[in-house]
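Student: Contents are compact mmCIF, C-alpha atoms; file name run10.txt:
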# COMPACT_ATOMS: atom_id res chain seq x y z
CA MET W 1 69.54 66.06 225.09
CA ARG W 2 73.18 66.45 224.05
CA PRO W 3 73.61 69.08 221.26
CA LEU W 4 74.30 67.61 217.83
CA ALA W 5 77.64 69.40 217.50
CA VAL W 6 78.88 67.97 220.79
CA THR W 7 77.62 64.50 219.86
CA CYS W 8 79.44 64.68 216.54
CA ALA W 9 82.60 65.87 218.26
CA ILE W 10 82.47 62.91 220.64
CA ALA W 11 81.93 60.54 217.72
CA ALA W 12 84.85 62.04 215.82
CA ALA W 13 87.09 61.77 218.88
CA LEU W 14 86.14 58.14 219.36
CA VAL W 15 86.87 57.32 215.73
CA ALA W 16 90.23 59.06 216.08
CA VAL W 17 91.06 56.97 219.14
CA VAL W 18 90.20 53.75 217.30
CA ALA W 19 92.39 54.79 214.36
CA ALA W 20 95.30 56.04 216.49
CA GLU W 21 98.55 54.17 216.91
CA PRO W 22 98.92 52.03 220.05
CA ARG W 23 100.55 53.90 222.91
CA ILE W 24 102.05 50.65 224.20
CA ARG W 25 102.79 48.16 221.45
CA PRO W 26 101.95 44.49 222.02
CA ILE W 27 104.94 42.14 222.08
CA ALA W 28 105.01 40.13 218.86
CA GLY W 29 105.48 36.39 219.24
CA ASN W 30 108.88 36.39 217.55
CA ALA W 31 110.09 39.22 219.79
CA GLN W 32 109.15 37.66 223.11
CA SER W 33 111.79 36.81 225.66
CA GLU W 34 112.02 33.35 227.16
CA GLU W 35 110.31 34.70 230.28
CA GLN W 36 107.45 36.17 228.26
CA ARG W 37 106.93 32.98 226.26
CA ALA W 38 106.85 30.95 229.45
CA LEU W 39 104.01 33.07 230.87
CA THR W 40 101.58 32.35 228.04
CA PRO W 41 100.48 28.78 228.87
CA THR W 42 100.20 29.58 232.58
CA TYR W 43 98.43 32.94 232.52
CA SER W 44 96.58 33.44 229.22
CA GLY W 45 93.78 31.03 230.11
CA ALA W 46 90.30 32.40 229.44
CA PHE W 47 91.85 35.83 228.85
CA GLY W 48 93.35 34.66 225.55
CA THR W 49 96.53 35.59 223.70
CA GLY W 50 95.38 38.52 221.59
CA ALA W 51 96.80 42.01 221.47
CA ASP W 52 95.44 42.72 224.95
CA PHE W 53 97.46 39.88 226.50
CA ARG W 54 100.55 40.78 224.47
CA THR W 55 100.27 44.39 225.62
CA LEU W 56 100.27 43.29 229.26
CA LEU W 57 103.17 40.98 228.41
CA VAL W 58 105.35 44.09 228.09
CA HIS W 59 105.37 43.87 231.91
CA PRO W 60 105.78 40.18 232.87
CA GLU W 61 105.45 40.76 236.62
CA LEU W 62 102.14 42.54 236.00
CA VAL W 63 100.85 39.53 234.04
CA LYS W 64 101.51 37.33 237.07
CA GLY W 65 99.71 39.77 239.34
CA VAL W 66 96.72 40.71 237.20
CA LEU W 67 95.66 37.71 235.13
CA PRO W 68 94.82 35.16 237.84
CA PHE W 69 91.85 37.27 238.91
CA ALA W 70 90.90 38.18 235.34
CA ASN W 71 90.78 34.49 234.47
CA TYR W 72 88.69 33.79 237.57
CA ILE W 73 86.15 36.42 236.50
CA LEU W 74 86.10 35.20 232.89
CA SER W 75 85.64 31.49 233.48
CA GLU W 76 85.59 30.38 237.11
CA SER W 77 83.06 32.60 238.88
CA THR W 78 79.64 31.42 240.03
CA LEU W 79 77.81 33.39 237.33
CA SER W 80 76.29 31.66 234.34
CA PRO W 81 78.12 32.39 231.06
CA ARG W 82 75.09 34.33 229.83
CA HIS W 83 74.94 36.63 232.84
CA ARG W 84 78.71 37.04 232.86
CA GLU W 85 78.77 38.16 229.23
CA LEU W 86 75.75 40.40 229.74
CA LEU W 87 77.64 42.30 232.44
CA ILE W 88 80.90 42.38 230.48
CA LEU W 89 79.32 43.74 227.30
CA ARG W 90 77.35 46.36 229.21
CA THR W 91 80.62 47.40 230.87
CA ALA W 92 82.35 47.50 227.48
CA TRP W 93 79.61 49.80 226.23
CA ASN W 94 79.61 52.03 229.31
CA THR W 95 83.40 52.39 229.12
CA ARG W 96 83.31 52.81 225.33
CA SER W 97 85.84 50.00 224.94
CA ASP W 98 85.74 48.77 221.36
CA TYR W 99 88.31 46.06 222.03
CA LEU W 100 86.43 44.61 225.01
CA TRP W 101 83.15 44.78 223.10
CA ALA W 102 84.54 43.09 219.98
CA LYS W 103 86.33 40.42 222.01
CA HIS W 104 83.20 39.42 223.88
CA GLN W 105 80.60 39.46 221.10
CA GLY W 106 81.53 35.92 220.06
CA ARG W 107 81.70 34.74 223.66
CA ALA W 108 78.29 36.27 224.33
CA THR W 109 76.80 34.54 221.30
CA ALA W 110 78.22 31.22 222.50
CA ALA W 111 76.61 31.92 225.88
CA GLY W 112 73.18 32.27 224.27
CA LEU W 113 72.79 36.00 223.57
CA ASN W 114 71.33 36.68 220.13
CA ALA W 115 72.01 39.57 217.76
CA GLN W 116 68.99 41.56 218.94
CA GLU W 117 70.09 41.20 222.55
CA LEU W 118 73.61 42.31 221.70
CA SER W 119 72.16 45.39 220.04
CA ALA W 120 69.92 46.03 223.02
CA ILE W 121 72.87 45.96 225.44
CA ALA W 122 74.13 49.05 223.62
CA GLU W 123 70.59 50.47 223.59
CA GLN W 124 70.42 50.47 219.83
CA THR W 125 67.18 48.47 219.74
CA PRO W 126 64.33 48.34 222.26
CA PRO W 127 65.37 46.15 225.20
CA ARG W 128 63.49 42.90 225.69
CA TRP W 129 64.90 41.59 228.93
CA ASP W 130 63.27 39.67 231.71
CA ASP W 131 63.12 41.55 234.99
CA PHE W 132 66.26 39.97 236.43
CA GLU W 133 68.46 40.59 233.40
CA ARG W 134 67.21 44.16 233.27
CA THR W 135 68.32 44.45 236.89
CA LEU W 136 71.77 43.07 236.03
CA LEU W 137 72.20 45.76 233.38
CA ARG W 138 71.07 48.40 235.83
CA ALA W 139 73.62 47.17 238.37
CA ALA W 140 76.38 47.52 235.75
CA ASP W 141 75.20 51.06 234.96
CA GLU W 142 75.08 52.06 238.63
CA LEU W 143 78.54 50.70 239.37
CA HIS W 144 79.99 52.57 236.42
CA ALA W 145 78.20 55.83 237.17
CA SER W 146 78.30 55.89 240.96
CA SER W 147 80.61 53.10 242.18
CA PHE W 148 77.62 51.77 244.10
CA VAL W 149 74.65 49.45 243.62
CA THR W 150 71.46 51.04 244.94
CA ASN W 151 69.26 49.35 247.52
CA GLU W 152 66.50 48.72 244.98
CA THR W 153 68.87 47.02 242.55
CA TRP W 154 70.74 45.04 245.23
CA THR W 155 67.47 43.76 246.73
CA ALA W 156 66.24 42.69 243.30
CA LEU W 157 69.51 40.85 242.57
CA ALA W 158 69.35 39.12 245.94
CA THR W 159 66.00 37.55 245.07
CA ARG W 160 67.91 35.15 242.80
CA TYR W 161 71.58 35.51 243.70
CA PRO W 162 73.03 34.29 247.00
CA ALA W 163 76.12 35.98 248.44
CA HIS W 164 78.73 34.43 246.12
CA GLU W 165 76.82 35.39 242.99
CA LEU W 166 76.21 38.91 244.30
CA MET W 167 79.93 39.30 244.95
CA ASP W 168 80.89 37.84 241.57
CA ALA W 169 78.44 40.10 239.72
CA ALA W 170 79.86 43.26 241.31
CA PHE W 171 83.44 42.13 240.79
CA THR W 172 82.76 41.25 237.14
CA VAL W 173 81.75 44.82 236.36
CA ALA W 174 84.57 46.25 238.47
CA GLU W 175 87.29 44.00 237.02
CA MET W 176 86.18 44.57 233.44
CA THR W 177 86.12 48.32 234.05
CA MET W 178 89.79 48.10 235.02
CA ILE W 179 90.61 46.03 231.93
CA ALA W 180 88.67 48.42 229.67
CA GLU W 181 90.60 51.40 231.04
CA VAL W 182 93.88 49.67 230.25
CA LEU W 183 92.77 48.76 226.73
CA ASN W 184 91.42 52.25 226.04
CA SER W 185 94.42 54.10 227.42
CA ALA W 186 97.05 51.85 225.82
CA ARG W 187 95.03 52.05 222.57
CA VAL W 188 95.10 48.35 221.89
CA ASP W 189 94.24 47.70 218.23
CA LEU W 190 91.28 45.50 217.32
CA GLU W 191 92.18 42.04 216.06
CA ALA W 192 91.81 41.34 212.33
CA GLY W 193 88.14 41.06 211.39
CA TRP W 194 86.86 42.60 214.60
CA LYS W 195 84.46 45.52 214.46
CA PRO W 196 83.98 48.35 216.97
CA ILE W 197 80.67 49.03 218.64
CA GLU W 198 78.22 50.25 216.03
CA LYS W 199 77.04 53.87 216.04
CA PRO W 200 79.50 55.19 218.63
CA GLU W 201 77.74 58.55 218.60
CA VAL W 202 74.82 57.08 220.59
CA ARG W 203 76.95 55.81 223.45
CA ARG W 204 75.89 57.42 226.69
CA LEU W 205 78.10 59.46 228.93
CA LEU W 206 76.62 58.51 232.28
CA SER W 207 76.05 61.14 234.92
CA ARG W 208 78.17 60.74 238.02
CA GLY W 209 76.40 60.33 241.32
CA SER W 210 77.39 59.13 244.74
CA GLY W 211 76.06 56.21 246.73
CA VAL W 212 74.50 56.59 250.14
CA PRO W 213 76.74 55.06 252.84
CA LEU W 214 75.20 51.89 254.17
CA ALA W 215 74.24 51.64 257.82
CA ALA W 216 74.87 47.89 257.86
CA PRO W 217 76.92 45.51 255.70
CA ARG W 218 75.21 43.72 252.83
CA ILE W 219 77.96 41.08 252.91
CA GLU W 220 78.84 40.34 256.53
CA PRO W 221 82.57 40.04 257.26
CA VAL W 222 83.75 36.69 258.57
CA VAL W 223 84.14 36.61 262.35
CA LEU W 224 87.57 35.10 262.73
CA ALA W 225 86.80 33.30 265.99
CA GLN W 226 83.89 31.55 264.30
CA ALA W 227 85.65 30.79 261.00
CA THR W 228 86.70 27.35 259.82
CA PRO W 229 90.37 26.42 260.16
CA GLU W 230 90.70 26.77 256.36
CA ILE W 231 89.36 30.34 256.40
CA ARG W 232 91.55 31.30 259.35
CA ALA W 233 94.60 29.89 257.56
CA MET W 234 93.67 31.80 254.39
CA LEU W 235 93.33 35.09 256.27
CA ASP W 236 96.30 34.61 258.60
CA PRO W 237 98.73 32.18 256.93
CA SER W 238 101.42 32.66 259.58
CA GLY W 239 99.01 32.02 262.44
CA SER W 240 100.04 35.28 264.08
CA GLY W 241 96.65 35.94 265.64
CA ARG W 242 96.74 39.53 264.36
CA ASP W 243 93.61 41.53 263.67
CA ILE W 244 92.34 41.11 260.10
CA ALA W 245 90.84 44.12 258.34
CA ALA W 246 87.15 44.06 257.48
CA VAL W 247 87.86 44.19 253.75
CA TYR W 248 89.70 40.86 253.85
CA ARG W 249 87.16 39.27 256.16
CA THR W 250 84.38 40.37 253.80
CA PHE W 251 86.05 38.94 250.70
CA ALA W 252 86.77 35.75 252.66
CA ARG W 253 83.05 34.99 252.50
CA HIS W 254 83.92 33.78 248.99
CA PRO W 255 87.19 31.79 249.27
CA LYS W 256 87.37 30.90 245.59
CA LEU W 257 87.28 34.61 244.74
CA TYR W 258 89.53 35.63 247.63
CA VAL W 259 92.69 33.87 246.51
CA PRO W 260 93.12 35.30 242.96
CA ARG W 261 91.85 38.72 244.03
CA GLN W 262 94.47 38.78 246.78
CA ILE W 263 97.18 38.15 244.19
CA LEU W 264 96.06 41.31 242.36
CA SER W 265 95.92 43.31 245.58
CA GLU W 266 99.38 42.25 246.67
CA TYR W 267 100.81 43.00 243.23
CA ILE W 268 99.56 46.59 243.31
CA ARG W 269 100.62 47.19 246.92
CA THR W 270 103.99 45.45 246.97
CA LYS W 271 105.27 44.51 243.50
CA SER W 272 104.42 47.28 241.05
CA THR W 273 107.13 49.52 239.62
CA LEU W 274 105.59 52.73 241.00
CA SER W 275 107.03 54.51 243.99
CA PRO W 276 104.89 54.29 247.16
CA ARG W 277 104.16 58.01 246.86
CA VAL W 278 102.79 57.77 243.31
CA ARG W 279 100.85 54.63 244.17
CA GLU W 280 99.16 56.26 247.15
CA MET W 281 98.39 59.43 245.18
CA LEU W 282 96.51 57.38 242.61
CA ILE W 283 94.72 55.26 245.22
CA LEU W 284 93.62 58.25 247.29
CA ARG W 285 92.45 60.25 244.27
CA ILE W 286 90.38 57.42 242.79
CA GLY W 287 89.06 56.50 246.24
CA TRP W 288 87.91 60.10 246.70
CA ARG W 289 86.34 60.18 243.23
CA CYS W 290 84.47 56.94 244.00
CA ARG W 291 83.37 58.23 247.43
CA SER W 292 84.98 55.22 249.09
CA ALA W 293 85.23 56.10 252.77
CA TYR W 294 86.87 52.77 253.58
CA GLU W 295 89.65 53.18 251.02
CA TRP W 296 90.28 56.76 252.05
CA ALA W 297 90.58 55.79 255.73
CA ALA W 298 93.00 52.97 254.89
CA HIS W 299 95.22 54.93 252.53
CA ALA W 300 95.43 58.44 253.98
CA PRO W 301 97.85 57.15 256.66
CA ALA W 302 99.67 55.11 254.01
CA GLY W 303 100.00 58.25 251.90
CA ARG W 304 101.65 60.09 254.76
CA ARG W 305 104.06 57.21 255.31
CA ALA W 306 104.90 57.39 251.58
CA GLY W 307 105.86 61.06 251.85
CA LEU W 308 102.65 62.97 251.10
CA THR W 309 102.11 65.98 253.35
CA ASP W 310 98.86 66.66 255.19
CA GLU W 311 98.19 69.49 252.74
CA GLN W 312 98.74 67.18 249.75
CA ILE W 313 96.34 64.65 251.29
CA ARG W 314 93.76 67.43 251.53
CA MET W 315 94.51 68.47 247.94
CA LEU W 316 93.71 64.96 246.76
CA ALA W 317 90.20 65.43 248.15
CA ARG W 318 89.31 68.53 246.18
CA SER W 319 88.83 69.25 242.50
CA GLY W 320 91.50 70.94 240.42
CA TYR W 321 95.28 70.83 240.42
CA GLU W 322 96.36 74.03 242.13
CA GLY W 323 99.47 73.52 244.23
CA TRP W 324 100.75 70.44 242.43
CA SER W 325 103.93 70.30 240.38
CA ALA W 326 103.55 69.58 236.67
CA ALA W 327 104.61 65.95 237.21
CA ASP W 328 102.18 65.44 240.10
CA THR W 329 99.40 67.17 238.18
CA ALA W 330 99.71 64.55 235.44
CA ILE W 331 99.35 61.77 238.01
CA VAL W 332 96.28 63.27 239.67
CA ARG W 333 94.74 64.17 236.31
CA ALA W 334 95.24 60.61 235.06
CA ALA W 335 93.10 59.29 237.93
CA ASP W 336 90.44 61.92 237.22
CA GLU W 337 90.33 61.09 233.51
CA LEU W 338 90.14 57.34 234.08
CA TYR W 339 87.21 57.90 236.42
CA ALA W 340 85.38 60.37 234.19
CA ASP W 341 86.28 59.10 230.70
CA ASP W 342 87.65 55.55 231.16
CA THR W 343 90.78 56.59 229.26
CA ILE W 344 93.72 58.98 229.57
CA SER W 345 93.84 61.98 227.26
CA ASN W 346 96.69 62.71 224.84
CA ALA W 347 98.00 65.63 226.90
CA THR W 348 98.03 63.67 230.15
CA TRP W 349 99.56 60.58 228.53
CA THR W 350 102.35 62.70 227.06
CA ALA W 351 103.05 64.20 230.49
CA LEU W 352 103.09 60.75 232.09
CA ASP W 353 105.32 59.39 229.34
CA GLU W 354 107.94 62.00 230.22
CA GLN W 355 108.35 60.57 233.74
CA PHE W 356 107.43 56.87 233.42
CA ASP W 357 108.53 53.93 231.27
CA GLU W 358 106.05 51.47 229.72
CA LYS W 359 105.96 49.18 232.75
CA GLN W 360 105.26 52.10 235.03
CA LEU W 361 102.56 53.42 232.68
CA LEU W 362 100.82 50.04 232.83
CA ASP W 363 101.12 50.14 236.61
CA VAL W 364 99.49 53.59 236.67
CA LEU W 365 96.52 52.09 234.81
CA ILE W 366 96.30 48.93 236.92
CA THR W 367 96.70 50.80 240.22
CA THR W 368 93.99 53.31 239.41
CA GLY W 369 91.68 50.75 237.83
CA GLY W 370 92.35 48.21 240.57
CA TYR W 371 91.38 50.62 243.31
CA ARG W 372 88.38 51.86 241.38
CA MET W 373 87.40 48.19 241.36
CA VAL W 374 87.86 47.85 245.09
CA SER W 375 85.97 51.09 245.76
CA MET W 376 82.99 49.84 243.74
CA VAL W 377 82.70 46.63 245.71
CA LEU W 378 83.49 48.08 249.14
CA ASN W 379 80.75 50.66 248.66
CA SER W 380 78.27 48.11 247.37
CA PHE W 381 79.03 45.41 249.96
CA GLY W 382 78.88 47.95 252.77
CA VAL W 383 82.23 46.98 254.27
CA PRO W 384 82.25 48.55 257.76
CA ALA W 385 84.91 51.09 258.72
CA GLU W 386 87.77 50.00 260.93
CA PRO W 387 87.72 51.24 264.54
CA ASN W 388 89.04 54.81 264.92
CA SER W 389 89.55 55.12 261.16
CA GLU W 390 90.10 58.48 259.50
CA ALA W 391 86.97 60.32 258.40
CA PHE W 392 86.19 60.72 254.72
CA PRO W 393 86.70 64.36 253.66
Could you write out this file's structure as structure tokens?
Tutor:
Amino acid sequence: MRPLAVTCAIAAALVAVVAAEPRIRPIAGNAQSEEQRALTPTYSGAFGTGADFRTLLVHPELVKGVLPFANYILSESTLSPRHRELLILRTAWNTRSDYLWAKHQGRATAAGLNAQELSAIAEQTPPRWDDFERTLLRAADELHASSFVTNETWTALATRYPAHELMDAAFTVAEMTMIAEVLNSARVDLEAGWKPIEKPEVRRLLSRGSGVPLAAPRIEPVVLAQATPEIRAMLDPSGSGRDIAAVYRTFARHPKLYVPRQILSEYIRTKSTLSPRVREMLILRIGWRCRSAYEWAAHAPAGRRAGLTDEQIRMLARSGYEGWSAADTAIVRAADELYADDTISNATWTALDEQFDEKQLLDVLITTGGYRMVSMVLNSFGVPAEPNSEAFP
């Protein structure tokens, strides 16, 4: 049991975070540029136009890259509204995101969750779930704690969910974890009349484990030679005949998910404001923290191409910050804190703020959160390693 003094300290820190000034201020309606105003009807969608949207609006290109997939998860996935909100609220609680929790209480009520069930999601009243919904909550807990859904939980989910629902459930938790980390770190204020999660002192800090690598995929990658013309065109738009990585062929099992998720992936890899070196540092560090062998194998070579030395690659796969410059330490520490605490500390944020502008700070959050997302699902889907890929350290 956590000592009372430590519990009180955590509660006090959480209250201080809620009361603190935003680190990135939302763009007020009367201060928006023509470009920013034009994005609202196209991209707000199910995400809404609250302070969270207006914070992202600081970086218009990010809005175009991030919100298509967020809107898919929030309103277009194969999950029922009730199950979707169950996973989102559990993720809000696990990440200690007051904004995400407050935003989704009303949506959860509209989806059929009652007040007692909302309280039970945060383990403030005895849970009264059917077996399947209890399994959904467990899946959200496992993904947050270990970036992996255990065999027992996956098998139980698969008794009711076919492949598309299994994929959407994992991605819902992973996507909302990324959003929560942005909201927490940017310190987005609650909207008027919203309330934070009750009794923050009882929120768990989950232990961190590691998933067991899977011997066989749970979601089989598409075999390109056997795919429909539509799937082949989606995976290889130019018709080049090139080899397609297993990650893309796995996500192609769910075409409706594939398209908006690919927009997010391409934004992080090709359109963000971060240098390739910083981007790959964040991706490698969070991939190592999440024990994602696939991501490590894909991005260790990319890190070298971006200017990281072999020794720096090795440093990204061990705890601590010895050998890094002060600027690089802040980058690596940011990934560690987002993984461990779902937010960036004051000291680390200050150090990042000295080297990055607001757009770049948002890209730090989206890059780290986006690749934590991918690590969660790659681990859980059992995406097979590419031939001759680099071993996980």
Student: Hey, which of W:Glu198, W:Glu123, W:Glu358, W:Asp363 ends up closest to Arg279 (chain W)? Count all atoms listed in the file.
Tutor: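 Using all atoms listed in the file, the shortest distance to Arg279 (chain W) belongs to W:Asp363.
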Student: Using CA of Ser75 (chain W) and CA of Ala46 (chain W) as the two end points, give the distance in Å to one decimal.
Tutor: 6.2 Å
Student: Could you produce a table of the residues of region 288-357 of chain W lying within 12 Å of region 177-195 of chain W, with the nearest pair of atoms per residue and their separation in Å rounded to one decimal, using only C-alpha atoms, ordered by chain and increasing residue number, as JSON lines?
Tutor:
{"residue": "W:Ala334", "atom": "CA", "partner": "W:Ser185", "partner_atom": "CA", "distance": 10.1}
{"residue": "W:Ala335", "atom": "CA", "partner": "W:Glu181", "partner_atom": "CA", "distance": 10.8}
{"residue": "W:Glu337", "atom": "CA", "partner": "W:Glu181", "partner_atom": "CA", "distance": 10.0}
{"residue": "W:Leu338", "atom": "CA", "partner": "W:Glu181", "partner_atom": "CA", "distance": 6.7}
{"residue": "W:Tyr339", "atom": "CA", "partner": "W:Glu181", "partner_atom": "CA", "distance": 9.1}
{"residue": "W:Ala340", "atom": "CA", "partner": "W:Glu181", "partner_atom": "CA", "distance": 10.8}
{"residue": "W:Asp341", "atom": "CA", "partner": "W:Glu181", "partner_atom": "CA", "distance": 8.8}
{"residue": "W:Asp342", "atom": "CA", "partner": "W:Glu181", "partner_atom": "CA", "distance": 5.1}
{"residue": "W:Thr343", "atom": "CA", "partner": "W:Ser185", "partner_atom": "CA", "distance": 4.8}
{"residue": "W:Ile344", "atom": "CA", "partner": "W:Ser185", "partner_atom": "CA", "distance": 5.4}
{"residue": "W:Ser345", "atom": "CA", "partner": "W:Ser185", "partner_atom": "CA", "distance": 7.9}
{"residue": "W:Asn346", "atom": "CA", "partner": "W:Ser185", "partner_atom": "CA", "distance": 9.3}
{"residue": "W:Thr348", "atom": "CA", "partner": "W:Ser185", "partner_atom": "CA", "distance": 10.6}
{"residue": "W:Trp349", "atom": "CA", "partner": "W:Ser185", "partner_atom": "CA", "distance": 8.3}
{"residue": "W:Thr350", "atom": "CA", "partner": "W:Ser185", "partner_atom": "CA", "distance": 11.7}
{"residue": "W:Leu352", "atom": "CA", "partner": "W:Ser185", "partner_atom": "CA", "distance": 11.9}
{"residue": "W:Asp353", "atom": "CA", "partner": "W:Ala186", "partner_atom": "CA", "distance": 11.7}
Student: Check the smallest atom-to-atom distance from each of W:Ser389, W:Ser375, W:Asn151, W:Thr172 to Arg84 (chain W) using all atoms listed in the file, then report the winner.
Tutor: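 Smallest distance to Arg84 (chain W) is found for W:Thr172.
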Student: In Å to one decimal, how far is CA of Leu274 (chain W) from CA of Thr40 (chain W)?
Tutor: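 Pair CA of Thr40 (chain W) / CA of Leu274 (chain W) returns 24.5 Å.
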Student: Kindly give the distance, in Å, that separates CA of Ser77 (chain W) and CA of Leu137 (chain W), rounded to a single decimal.
Tutor: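 Taking CA of Ser77 (chain W) and CA of Leu137 (chain W), their separation equals 17.9 Å.
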Student: Give as JSON, numbers by chain each residue that has an atom at most 12 Å from (95.9, 38.6, 259.2) in the file, counting all atoms listed in the file.
Tutor: {"W": [224, 231, 232, 233, 234, 235, 236, 237, 238, 239, 240, 241, 242, 243, 244, 245, 246, 247, 248, 249, 252]}
Student: Considering only C-alpha atoms, state which residue in the set W:Met176, W:Ile331, W:Met315, W:Asp336 is at the smallest distance from Glu354 (chain W).
Tutor: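 Closest residue, counting only C-alpha atoms: W:Ile331.
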Student: Which protein, DNA or RNA residues are at most 8 Å from (108.2, 47.1, 230.6) in the file's coordinates when you count only C-alpha atoms, listed as a PDB file with C-alpha atoms, keeping the file's coordinate frame?
Tutor:
ATOM      1  CA  VAL W  58     105.350  44.090 228.090  1.00  0.00           C
ATOM      2  CA  HIS W  59     105.370  43.870 231.910  1.00  0.00           C
ATOM      3  CA  PRO W  60     105.780  40.180 232.870  1.00  0.00           C
ATOM      4  CA  ASP W 357     108.530  53.930 231.270  1.00  0.00           C
ATOM      5  CA  GLU W 358     106.050  51.470 229.720  1.00  0.00           C
ATOM      6  CA  LYS W 359     105.960  49.180 232.750  1.00  0.00           C
ATOM      7  CA  GLN W 360     105.260  52.100 235.030  1.00  0.00           C
TER       8      GLN W 360
END
Student: Rank nothing, just name the residue among W:Glu266, W:Glu35, W:Glu152, W:Asp141 nearest to Ile88 (chain W), using only C-alpha atoms.
Tutor: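 Using only C-alpha atoms, the shortest distance to Ile88 (chain W) belongs to W:Asp141.
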